[in-house]
Structure formats: structure tokens, C-alpha cells
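Q: TSV, N, CA and C atoms, saved as run.tsv, coming up:
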chain	number	residue	atom	x	y	z
Z	1021	MET	N	70.17	91.91	247.88
Z	1021	MET	CA	70.61	91.40	246.59
Z	1021	MET	C	71.88	90.59	246.76
Z	1022	SER	N	71.98	89.54	245.98
Z	1022	SER	CA	73.18	88.72	246.04
Z	1022	SER	C	74.31	89.37	245.24
Z	1023	LYS	N	75.51	88.95	245.52
Z	1023	LYS	CA	76.67	89.50	244.82
Z	1023	LYS	C	76.78	88.90	243.43
Z	1024	PHE	N	77.45	89.64	242.55
Z	1024	PHE	CA	77.77	89.14	241.23
Z	1024	PHE	C	78.93	88.16	241.35
Z	1025	ASN	N	78.91	87.12	240.56
Z	1025	ASN	CA	80.04	86.22	240.43
Z	1025	ASN	C	80.73	86.58	239.12
Z	1026	ILE	N	81.96	87.04	239.19
Z	1026	ILE	CA	82.71	87.47	238.01
Z	1026	ILE	C	83.94	86.61	237.88
Z	1027	LYS	N	84.09	85.97	236.71
Z	1027	LYS	CA	85.26	85.12	236.50
Z	1027	LYS	C	85.76	85.30	235.07
Z	1028	VAL	N	87.01	84.93	234.87
Z	1028	VAL	CA	87.59	84.94	233.53
Z	1028	VAL	C	87.06	83.71	232.80
Z	1029	ALA	N	86.36	83.94	231.70
Z	1029	ALA	CA	85.79	82.84	230.93
Z	1029	ALA	C	86.75	82.34	229.86
Z	1030	ARG	N	87.44	83.27	229.21
Z	1030	ARG	CA	88.34	82.89	228.12
Z	1030	ARG	C	89.46	83.91	227.98
Z	1031	ILE	N	90.59	83.44	227.51
Z	1031	ILE	CA	91.70	84.31	227.10
Z	1031	ILE	C	92.10	83.84	225.72
Z	1032	GLU	N	91.99	84.74	224.73
Z	1032	GLU	CA	92.23	84.36	223.34
Z	1032	GLU	C	93.09	85.40	222.64
Z	1033	ALA	N	93.98	84.92	221.80
Z	1033	ALA	CA	94.74	85.83	220.93
Z	1033	ALA	C	93.80	86.28	219.81
Z	1034	VAL	N	93.91	87.54	219.44
Z	1034	VAL	CA	93.08	88.10	218.38
Z	1034	VAL	C	93.96	88.26	217.15
Z	1035	ALA	N	93.47	87.76	216.02
Z	1035	ALA	CA	94.24	87.84	214.78
Z	1035	ALA	C	94.46	89.29	214.39
Z	1036	GLY	N	95.66	89.57	213.90
Z	1036	GLY	CA	96.00	90.92	213.49
Z	1036	GLY	C	97.48	91.00	213.20
Z	1037	ALA	N	97.91	92.18	212.79
Z	1037	ALA	CA	99.33	92.39	212.52
Z	1037	ALA	C	100.13	92.21	213.80
Z	1038	GLU	N	101.35	91.72	213.66
Z	1038	GLU	CA	102.19	91.42	214.82
Z	1038	GLU	C	102.44	92.64	215.69
Z	1039	GLU	N	102.60	93.82	215.08
Z	1039	GLU	CA	102.91	95.02	215.86
Z	1039	GLU	C	101.73	95.53	216.69
Z	1040	ASP	N	100.51	95.13	216.33
Z	1040	ASP	CA	99.35	95.53	217.13
Z	1040	ASP	C	98.55	94.32	217.60
Z	1041	ALA	N	99.25	93.23	217.89
Z	1041	ALA	CA	98.60	92.00	218.35
Z	1041	ALA	C	97.89	92.24	219.67
Z	1042	GLN	N	96.72	91.61	219.80
Z	1042	GLN	CA	95.91	91.80	220.99
Z	1042	GLN	C	95.47	90.47	221.58
Z	1043	VAL	N	95.08	90.56	222.84
Z	1043	VAL	CA	94.48	89.44	223.54
Z	1043	VAL	C	93.09	89.88	223.98
Z	1044	ARG	N	92.12	88.98	223.80
Z	1044	ARG	CA	90.76	89.26	224.29
Z	1044	ARG	C	90.56	88.43	225.55
Z	1045	ILE	N	90.33	89.12	226.65
Z	1045	ILE	CA	90.04	88.46	227.92
Z	1045	ILE	C	88.55	88.67	228.18
Z	1046	THR	N	87.80	87.56	228.18
Z	1046	THR	CA	86.36	87.64	228.33
Z	1046	THR	C	85.97	87.28	229.75
Z	1047	PHE	N	85.25	88.18	230.39
Z	1047	PHE	CA	84.75	87.96	231.75
Z	1047	PHE	C	83.30	87.50	231.68
Z	1048	GLN	N	82.98	86.50	232.49
Z	1048	GLN	CA	81.61	86.00	232.63
Z	1048	GLN	C	81.05	86.59	233.92
Z	1049	VAL	N	79.89	87.23	233.82
Z	1049	VAL	CA	79.25	87.87	234.96
Z	1049	VAL	C	77.92	87.16	235.21
Z	1050	ASP	N	77.73	86.65	236.42
Z	1050	ASP	CA	76.51	85.91	236.77
Z	1050	ASP	C	75.94	86.44	238.07
Z	1051	ARG	N	74.62	86.50	238.11
Z	1051	ARG	CA	73.89	86.74	239.36
Z	1051	ARG	C	72.47	86.24	239.14
Z	1052	GLY	N	72.16	85.14	239.79
Z	1052	GLY	CA	70.85	84.54	239.60
Z	1052	GLY	C	70.63	84.20	238.13
Z	1053	PRO	N	69.47	84.57	237.59
Z	1053	PRO	CA	69.19	84.25	236.18
Z	1053	PRO	C	69.88	85.18	235.19
Z	1054	THR	N	70.52	86.23	235.70
Z	1054	THR	CA	71.19	87.19	234.83
Z	1054	THR	C	72.62	86.75	234.58
Z	1055	THR	N	72.98	86.64	233.31
Z	1055	THR	CA	74.34	86.26	232.95
Z	1055	THR	C	74.73	86.98	231.66
Z	1056	PHE	N	75.95	87.48	231.62
Z	1056	PHE	CA	76.45	88.11	230.41
Z	1056	PHE	C	77.96	88.08	230.40
Z	1057	GLN	N	78.53	88.32	229.22
Z	1057	GLN	CA	79.98	88.32	229.07
Z	1057	GLN	C	80.45	89.69	228.61
Z	1058	VAL	N	81.63	90.07	229.06
Z	1058	VAL	CA	82.23	91.35	228.69
Z	1058	VAL	C	83.65	91.08	228.18
Z	1059	PRO	N	83.89	91.34	226.89
Z	1059	PRO	CA	85.25	91.17	226.37
Z	1059	PRO	C	86.08	92.43	226.62
Z	1060	ILE	N	87.32	92.23	227.05
Z	1060	ILE	CA	88.27	93.32	227.25
Z	1060	ILE	C	89.47	93.02	226.35
Z	1061	PHE	N	89.84	93.99	225.52
Z	1061	PHE	CA	90.96	93.82	224.61
Z	1061	PHE	C	92.20	94.50	225.18
Z	1062	MET	N	93.30	93.75	225.18
Z	1062	MET	CA	94.57	94.25	225.70
Z	1062	MET	C	95.64	94.05	224.65
Z	1063	SER	N	96.53	95.01	224.53
Z	1063	SER	CA	97.67	94.88	223.63
Z	1063	SER	C	98.68	93.93	224.25
Z	1064	ILE	N	99.16	92.99	223.46
Z	1064	ILE	CA	100.11	92.00	223.96
Z	1064	ILE	C	101.39	92.66	224.47
Z	1065	GLY	N	101.82	93.71	223.81
Z	1065	GLY	CA	103.07	94.36	224.18
Z	1065	GLY	C	103.02	95.20	225.45
Z	1066	GLU	N	101.84	95.52	225.94
Z	1066	GLU	CA	101.72	96.40	227.10
Z	1066	GLU	C	102.04	95.73	228.42
Z	1067	PHE	N	101.69	94.44	228.55
Z	1067	PHE	CA	101.82	93.75	229.84
Z	1067	PHE	C	102.40	92.36	229.65
Z	1068	ASP	N	103.06	91.86	230.69
Z	1068	ASP	CA	103.50	90.46	230.71
Z	1068	ASP	C	102.26	89.59	230.87
Z	1069	ASP	N	102.42	88.32	230.54
Z	1069	ASP	CA	101.30	87.38	230.65
Z	1069	ASP	C	100.71	87.37	232.06
Z	1070	THR	N	101.57	87.43	233.08
Z	1070	THR	CA	101.10	87.36	234.46
Z	1070	THR	C	100.34	88.62	234.88
Z	1071	GLU	N	100.59	89.74	234.20
Z	1071	GLU	CA	99.93	91.00	234.54
Z	1071	GLU	C	98.68	91.25	233.71
Z	1072	MET	N	98.50	90.48	232.63
Z	1072	MET	CA	97.42	90.74	231.67
Z	1072	MET	C	96.03	90.68	232.31
Z	1073	VAL	N	95.75	89.64	233.07
Z	1073	VAL	CA	94.42	89.49	233.69
Z	1073	VAL	C	94.20	90.58	234.72
Z	1074	GLN	N	95.21	90.91	235.49
Z	1074	GLN	CA	95.10	91.97	236.49
Z	1074	GLN	C	94.78	93.31	235.82
Z	1075	ALA	N	95.45	93.61	234.71
Z	1075	ALA	CA	95.19	94.85	233.98
Z	1075	ALA	C	93.79	94.82	233.36
Z	1076	ALA	N	93.36	93.67	232.87
Z	1076	ALA	CA	92.02	93.54	232.29
Z	1076	ALA	C	90.94	93.73	233.35
Z	1077	ARG	N	91.18	93.23	234.56
Z	1077	ARG	CA	90.21	93.45	235.65
Z	1077	ARG	C	90.07	94.93	235.96
Z	1078	SER	N	91.18	95.64	235.95
Z	1078	SER	CA	91.14	97.08	236.18
Z	1078	SER	C	90.35	97.79	235.08
Z	1079	THR	N	90.56	97.36	233.84
Z	1079	THR	CA	89.81	97.94	232.72
Z	1079	THR	C	88.32	97.63	232.84
Z	1080	LEU	N	87.98	96.41	233.27
Z	1080	LEU	CA	86.58	96.04	233.48
Z	1080	LEU	C	85.96	96.94	234.55
Z	1081	HIS	N	86.68	97.16	235.63
Z	1081	HIS	CA	86.19	98.05	236.70
Z	1081	HIS	C	85.93	99.45	236.16
Z	1082	ARG	N	86.91	100.01	235.43
Z	1082	ARG	CA	86.73	101.36	234.85
Z	1082	ARG	C	85.52	101.42	233.93
Z	1083	THR	N	85.30	100.35	233.16
Z	1083	THR	CA	84.16	100.29	232.25
Z	1083	THR	C	82.85	100.38	233.02
Z	1084	PHE	N	82.73	99.62	234.11
Z	1084	PHE	CA	81.50	99.66	234.89
Z	1084	PHE	C	81.33	100.98	235.65
Z	1085	VAL	N	82.42	101.58	236.08
Z	1085	VAL	CA	82.35	102.91	236.72
Z	1085	VAL	C	81.81	103.93	235.73
Z	1086	GLU	N	82.32	103.91	234.51
Z	1086	GLU	CA	81.85	104.83	233.47
Z	1086	GLU	C	80.38	104.57	233.13
Z	1087	LEU	N	80.00	103.30	233.04
Z	1087	LEU	CA	78.61	102.95	232.76
Z	1087	LEU	C	77.68	103.45	233.87
Z	1088	ALA	N	78.10	103.27	235.12
Z	1088	ALA	CA	77.30	103.75	236.25
Z	1088	ALA	C	77.14	105.27	236.21
Z	1089	ALA	N	78.21	105.97	235.87
Z	1089	ALA	CA	78.14	107.43	235.81
Z	1089	ALA	C	77.21	107.89	234.68
Z	1090	GLN	N	77.29	107.22	233.54
Z	1090	GLN	CA	76.46	107.62	232.40
Z	1090	GLN	C	74.98	107.31	232.62
Z	1091	SER	N	74.68	106.32	233.44
Z	1091	SER	CA	73.28	105.93	233.66
Z	1091	SER	C	72.74	106.45	235.00
Z	1092	GLN	N	73.47	107.29	235.69
Z	1092	GLN	CA	73.05	107.81	237.00
Z	1092	GLN	C	71.68	108.48	236.94
Z	1093	SER	N	71.41	109.20	235.87
Z	1093	SER	CA	70.12	109.91	235.75
Z	1093	SER	C	68.94	108.95	235.57
Z	1094	TRP	N	69.19	107.70	235.29
Z	1094	TRP	CA	68.12	106.72	235.13
Z	1094	TRP	C	67.62	106.19	236.47
Z	1095	LYS	N	68.38	106.41	237.53
Z	1095	LYS	CA	68.07	105.85	238.84
Z	1095	LYS	C	66.74	106.40	239.36
Z	1096	LEU	N	65.89	105.50	239.83
Z	1096	LEU	CA	64.60	105.89	240.40
Z	1096	LEU	C	64.59	105.60	241.89
Z	1097	SER	N	63.92	106.46	242.63
Z	1097	SER	CA	63.77	106.23	244.07
Z	1097	SER	C	62.69	105.17	244.30
Z	1098	ALA	N	62.60	104.69	245.51
Z	1098	ALA	CA	61.55	103.72	245.85
Z	1098	ALA	C	60.18	104.33	245.61
Z	1099	LYS	N	60.04	105.62	245.92
Z	1099	LYS	CA	58.78	106.32	245.72
Z	1099	LYS	C	58.43	106.39	244.22
Z	1100	ASP	N	59.43	106.71	243.39
Z	1100	ASP	CA	59.21	106.76	241.94
Z	1100	ASP	C	58.77	105.39	241.40
Z	1101	LEU	N	59.42	104.34	241.86
Z	1101	LEU	CA	59.06	103.00	241.41
Z	1101	LEU	C	57.64	102.64	241.84
Z	1102	GLN	N	57.26	103.03	243.05
Z	1102	GLN	CA	55.90	102.75	243.53
Z	1102	GLN	C	54.87	103.50	242.69
Z	1103	GLN	N	55.17	104.75	242.35
Z	1103	GLN	CA	54.26	105.53	241.51
Z	1103	GLN	C	54.10	104.88	240.13
Z	1104	LEU	N	55.18	104.42	239.56
Z	1104	LEU	CA	55.10	103.74	238.27
Z	1104	LEU	C	54.27	102.46	238.37
Z	1105	SER	N	54.46	101.73	239.46
Z	1105	SER	CA	53.71	100.50	239.67
Z	1105	SER	C	52.22	100.79	239.79
Z	1106	ASN	N	51.88	101.89	240.45
Z	1106	ASN	CA	50.48	102.25	240.66
Z	1106	ASN	C	49.77	102.62	239.36
Z	1107	VAL	N	50.49	103.15	238.38
Z	1107	VAL	CA	49.86	103.56	237.12
Z	1107	VAL	C	49.89	102.44	236.08
Z	1108	SER	N	50.44	101.31	236.41
Z	1108	SER	CA	50.51	100.19	235.49
Z	1108	SER	C	49.11	99.74	235.08
Z	1109	SER	N	48.91	99.52	233.79
Z	1109	SER	CA	47.60	99.08	233.30
Z	1109	SER	C	47.52	97.57	233.16
Z	1110	ARG	N	48.53	96.86	233.55
Z	1110	ARG	CA	48.50	95.40	233.48
Z	1110	ARG	C	47.63	94.84	234.58
Z	1111	PRO	N	46.89	93.80	234.27
Z	1111	PRO	CA	46.06	93.18	235.33
Z	1111	PRO	C	46.95	92.54	236.41
Z	1112	LYS	N	46.49	92.63	237.64
Z	1112	LYS	CA	47.22	92.03	238.77
Z	1112	LYS	C	47.11	90.52	238.69
Z	1113	ALA	N	48.17	89.83	239.08
Z	1113	ALA	CA	48.17	88.36	239.02
Z	1113	ALA	C	47.38	87.76	240.15
Written as C-alpha cells, that's how I'd like the structure from this file.

A:
Amino acid sequence: MSKFNIKVARIEAVAGAEEDAQVRITFQVDRGPTTFQVPIFMSIGEFDDTEMVQAARSTLHRTFVELAAQSQSWKLSAKDLQQLSNVSSRPKA
């Protein structure tokens, strides 16, 4: 499998009260025909501008780690996938 290409697509201020102002840092994730975006919200007061993207990358990583943990039970072995393929009622191409 090829690697994912992950880049910062946008950095935008989010409208809101000054005391809880936020920035939305949107990451673009690409691999072959699969592409999606993940917005990460950061409080403006928590980090300097130069640290904001670095902190957002860390948050993105934590998000995917949590997603992987929550979906671990969905993982199928090669044998399981072959069994599912064998019971498929779709006509072969």
C-alpha cells in the first residue's frame, strides 16, 4: 500500500467571542482515489502562531490513534476476507 499524503489545506479563524476564539486547521488526506479532510479546532490563546500547526498535527495523530483503537474489533484476517469473498452472491466479472 502506498503512503498517505497529509498536508495542511487551510487555516481559518472561527467566528466567536474573543475570549474563546478558535482557529480551524484543516488537513487534507490523500491516497490514490481516496481523499478526505479533517478539521482540527484549536484555541487561539493556547499556542503561538508558530506552534499552532505542530499542536494540530499532534491532535490529528491522537484522533487517528483513538479511531484505530475503537475500530480494532472490525479488523478481519486474510482468511476471514477470503471466506467472505467465497460466500459472495455477486456474479464474477

Q: Z:Asp1050: which residues within 9 Å, counting only C-alpha atoms, same-chain residues fewer than 3 positions away excluded, as number ranges by chain?

A: Z: 1023-1027, 1053-1057

Q: Of the candidates Z:Ala1041, Z:Leu1096, Z:Ala1089, Z:Met1062, which shows the shortest atom-to-atom distance to Z:Ala1076, using all atoms listed in the file?

A: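 For Z:Ala1076, the nearest of the candidates is Z:Met1062.
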
Q: Could you state the separation of atom N of Z:Val1034 and atom N of Z:Ala1088 in Å, given to one decimal place?

A: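 Rounded to one decimal, the two atoms are 27.3 Å apart.
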
Q: Provide an axis-aligned box for all listed atoms of stretch 1095-1112 of chain Z, padding each side by 8 Å; report its centre and its edge lengths in Å to one decimal, as AutoDock Vina command-line options.

A:
--center_x 57.2 --center_y 98.6 --center_z 239.5 --size_x 38.3 --size_y 32.2 --size_z 28.8

Q: Find the residue from Z:Gln1092, Z:Ser1097, Z:Gln1042, Z:Gln1102 that sits nearest to Z:Ile1064; use only N, CA and C atoms when measuring.

A: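 Among the listed residues, the smallest separation from Z:Ile1064 belongs to Z:Gln1042.
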
Q: Determine which residues of chain Z DSSP labels as strand (DSSP E) from the backbone of this structure, then write them out as an MDAnalysis selection string.

A: chainID Z and resid 1025:1034 1042:1051 1054:1063

Q: Take atom C of Z:Asp1068 and atom CA of Z:Phe1047 and report the distance between them in Å, one decimal.

A: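 It comes out at 17.6 Å.
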
Q: Got a sec to check which residues sit within 6.5 Å of (91.1, 82.5, 226.1), counting only N, CA and C atoms, and write them as JSON, numbers by chain?

A: {"Z": [1029, 1030, 1031, 1032, 1033, 1044, 1045, 1046]}

Q: Work out how far atom CA of Z:Arg1051 is from atom CA of Z:Asp1069, in Å to one decimal.

A: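 Atom CA of Z:Asp1069 sits 28.8 Å away from atom CA of Z:Arg1051.
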
Q: Can you pull out every residue from chain Z that DSSP, working from the backbone, puts in alpha helix (DSSP H), and format the result as number ranges by chain?

A: Z: 1069-1090, 1098-1106

Q: Save stretch 1023-1036 of chain Z to disk from that block, all heavy atoms included, as an mmCIF file, in the first residue's frame.

A:
data_model
loop_
_atom_site.group_PDB
_atom_site.id
_atom_site.type_symbol
_atom_site.label_atom_id
_atom_site.label_comp_id
_atom_site.auth_asym_id
_atom_site.auth_seq_id
_atom_site.Cartn_x
_atom_site.Cartn_y
_atom_site.Cartn_z
ATOM 1 N N LYS Z 1023 1.737 5.239 0.810
ATOM 2 C CA LYS Z 1023 1.583 6.082 1.993
ATOM 3 C C LYS Z 1023 0.516 7.138 1.761
ATOM 4 O O LYS Z 1023 0.239 7.523 0.630
ATOM 5 C CB LYS Z 1023 2.905 6.784 2.317
ATOM 6 C CG LYS Z 1023 3.955 5.879 2.878
ATOM 7 C CD LYS Z 1023 5.152 6.697 3.305
ATOM 8 C CE LYS Z 1023 6.169 5.826 4.001
ATOM 9 N NZ LYS Z 1023 7.266 6.609 4.538
ATOM 10 N N PHE Z 1024 -0.057 7.611 2.855
ATOM 11 C CA PHE Z 1024 -0.976 8.737 2.798
ATOM 12 C C PHE Z 1024 -0.173 10.014 2.612
ATOM 13 O O PHE Z 1024 0.916 10.159 3.159
ATOM 14 C CB PHE Z 1024 -1.772 8.853 4.101
ATOM 15 C CG PHE Z 1024 -2.853 7.824 4.246
ATOM 16 C CD1 PHE Z 1024 -2.635 6.671 4.972
ATOM 17 C CD2 PHE Z 1024 -4.094 8.010 3.660
ATOM 18 C CE1 PHE Z 1024 -3.624 5.720 5.112
ATOM 19 C CE2 PHE Z 1024 -5.096 7.067 3.789
ATOM 20 C CZ PHE Z 1024 -4.858 5.919 4.514
ATOM 21 N N ASN Z 1025 -0.706 10.937 1.853
ATOM 22 C CA ASN Z 1025 -0.147 12.270 1.740
ATOM 23 C C ASN Z 1025 -1.021 13.173 2.608
ATOM 24 O O ASN Z 1025 -2.220 13.306 2.341
ATOM 25 C CB ASN Z 1025 -0.147 12.737 0.282
ATOM 26 C CG ASN Z 1025 0.440 14.111 0.127
ATOM 27 O OD1 ASN Z 1025 1.257 14.543 0.933
ATOM 28 N ND2 ASN Z 1025 0.021 14.812 -0.911
ATOM 29 N N ILE Z 1026 -0.462 13.751 3.647
ATOM 30 C CA ILE Z 1026 -1.213 14.589 4.577
ATOM 31 C C ILE Z 1026 -0.611 15.983 4.556
ATOM 32 O O ILE Z 1026 0.588 16.150 4.768
ATOM 33 C CB ILE Z 1026 -1.170 14.029 6.010
ATOM 34 C CG1 ILE Z 1026 -1.674 12.581 6.026
ATOM 35 C CG2 ILE Z 1026 -1.996 14.896 6.951
ATOM 36 C CD1 ILE Z 1026 -1.429 11.860 7.349
ATOM 37 N N LYS Z 1027 -1.455 16.981 4.275
ATOM 38 C CA LYS Z 1027 -0.960 18.355 4.237
ATOM 39 C C LYS Z 1027 -1.996 19.284 4.863
ATOM 40 O O LYS Z 1027 -3.168 18.944 4.985
ATOM 41 C CB LYS Z 1027 -0.661 18.789 2.805
ATOM 42 C CG LYS Z 1027 -1.892 18.818 1.904
ATOM 43 C CD LYS Z 1027 -1.527 19.199 0.504
ATOM 44 C CE LYS Z 1027 -2.780 19.207 -0.373
ATOM 45 N NZ LYS Z 1027 -2.486 19.524 -1.754
ATOM 46 N N VAL Z 1028 -1.536 20.448 5.273
ATOM 47 C CA VAL Z 1028 -2.431 21.478 5.786
ATOM 48 C C VAL Z 1028 -3.116 22.113 4.580
ATOM 49 O O VAL Z 1028 -2.450 22.642 3.686
ATOM 50 C CB VAL Z 1028 -1.674 22.538 6.607
ATOM 51 C CG1 VAL Z 1028 -2.604 23.670 7.020
ATOM 52 C CG2 VAL Z 1028 -1.026 21.908 7.831
ATOM 53 N N ALA Z 1029 -4.436 22.026 4.541
ATOM 54 C CA ALA Z 1029 -5.192 22.584 3.427
ATOM 55 C C ALA Z 1029 -5.591 24.033 3.688
ATOM 56 O O ALA Z 1029 -5.545 24.864 2.777
ATOM 57 C CB ALA Z 1029 -6.440 21.740 3.158
ATOM 58 N N ARG Z 1030 -5.995 24.314 4.921
ATOM 59 C CA ARG Z 1030 -6.465 25.662 5.262
ATOM 60 C C ARG Z 1030 -6.230 25.950 6.731
ATOM 61 O O ARG Z 1030 -6.267 25.046 7.560
ATOM 62 C CB ARG Z 1030 -7.971 25.790 5.012
ATOM 63 C CG ARG Z 1030 -8.391 25.883 3.582
ATOM 64 C CD ARG Z 1030 -9.883 26.189 3.437
ATOM 65 N NE ARG Z 1030 -10.761 25.275 4.157
ATOM 66 C CZ ARG Z 1030 -11.090 24.059 3.770
ATOM 67 N NH1 ARG Z 1030 -10.580 23.562 2.675
ATOM 68 N NH2 ARG Z 1030 -11.917 23.315 4.472
ATOM 69 N N ILE Z 1031 -6.037 27.219 7.027
ATOM 70 C CA ILE Z 1031 -6.012 27.711 8.406
ATOM 71 C C ILE Z 1031 -6.956 28.901 8.432
ATOM 72 O O ILE Z 1031 -6.755 29.872 7.690
ATOM 73 C CB ILE Z 1031 -4.598 28.129 8.847
ATOM 74 C CG1 ILE Z 1031 -3.636 26.946 8.753
ATOM 75 C CG2 ILE Z 1031 -4.637 28.694 10.267
ATOM 76 C CD1 ILE Z 1031 -2.190 27.297 9.041
ATOM 77 N N GLU Z 1032 -8.015 28.801 9.252
ATOM 78 C CA GLU Z 1032 -9.045 29.830 9.268
ATOM 79 C C GLU Z 1032 -9.423 30.197 10.693
ATOM 80 O O GLU Z 1032 -9.525 29.325 11.551
ATOM 81 C CB GLU Z 1032 -10.312 29.332 8.573
ATOM 82 C CG GLU Z 1032 -10.083 28.823 7.159
ATOM 83 C CD GLU Z 1032 -11.274 28.053 6.637
ATOM 84 O OE1 GLU Z 1032 -11.515 26.934 7.129
ATOM 85 O OE2 GLU Z 1032 -11.955 28.583 5.751
ATOM 86 N N ALA Z 1033 -9.666 31.472 10.907
ATOM 87 C CA ALA Z 1033 -10.213 31.915 12.185
ATOM 88 C C ALA Z 1033 -11.699 31.545 12.201
ATOM 89 O O ALA Z 1033 -12.380 31.645 11.179
ATOM 90 C CB ALA Z 1033 -10.039 33.415 12.343
ATOM 91 N N VAL Z 1034 -12.174 31.113 13.353
ATOM 92 C CA VAL Z 1034 -13.572 30.740 13.511
ATOM 93 C C VAL Z 1034 -14.265 31.839 14.297
ATOM 94 O O VAL Z 1034 -13.779 32.261 15.349
ATOM 95 C CB VAL Z 1034 -13.697 29.377 14.243
ATOM 96 C CG1 VAL Z 1034 -15.148 29.001 14.446
ATOM 97 C CG2 VAL Z 1034 -12.959 28.297 13.469
ATOM 98 N N ALA Z 1035 -15.391 32.304 13.767
ATOM 99 C CA ALA Z 1035 -16.126 33.386 14.430
ATOM 100 C C ALA Z 1035 -16.592 32.936 15.809
ATOM 101 O O ALA Z 1035 -16.983 31.795 16.006
ATOM 102 C CB ALA Z 1035 -17.329 33.791 13.589
ATOM 103 N N GLY Z 1036 -16.514 33.848 16.758
ATOM 104 C CA GLY Z 1036 -16.927 33.553 18.121
ATOM 105 C C GLY Z 1036 -16.504 34.679 19.036
ATOM 106 O O GLY Z 1036 -15.882 35.654 18.612
#
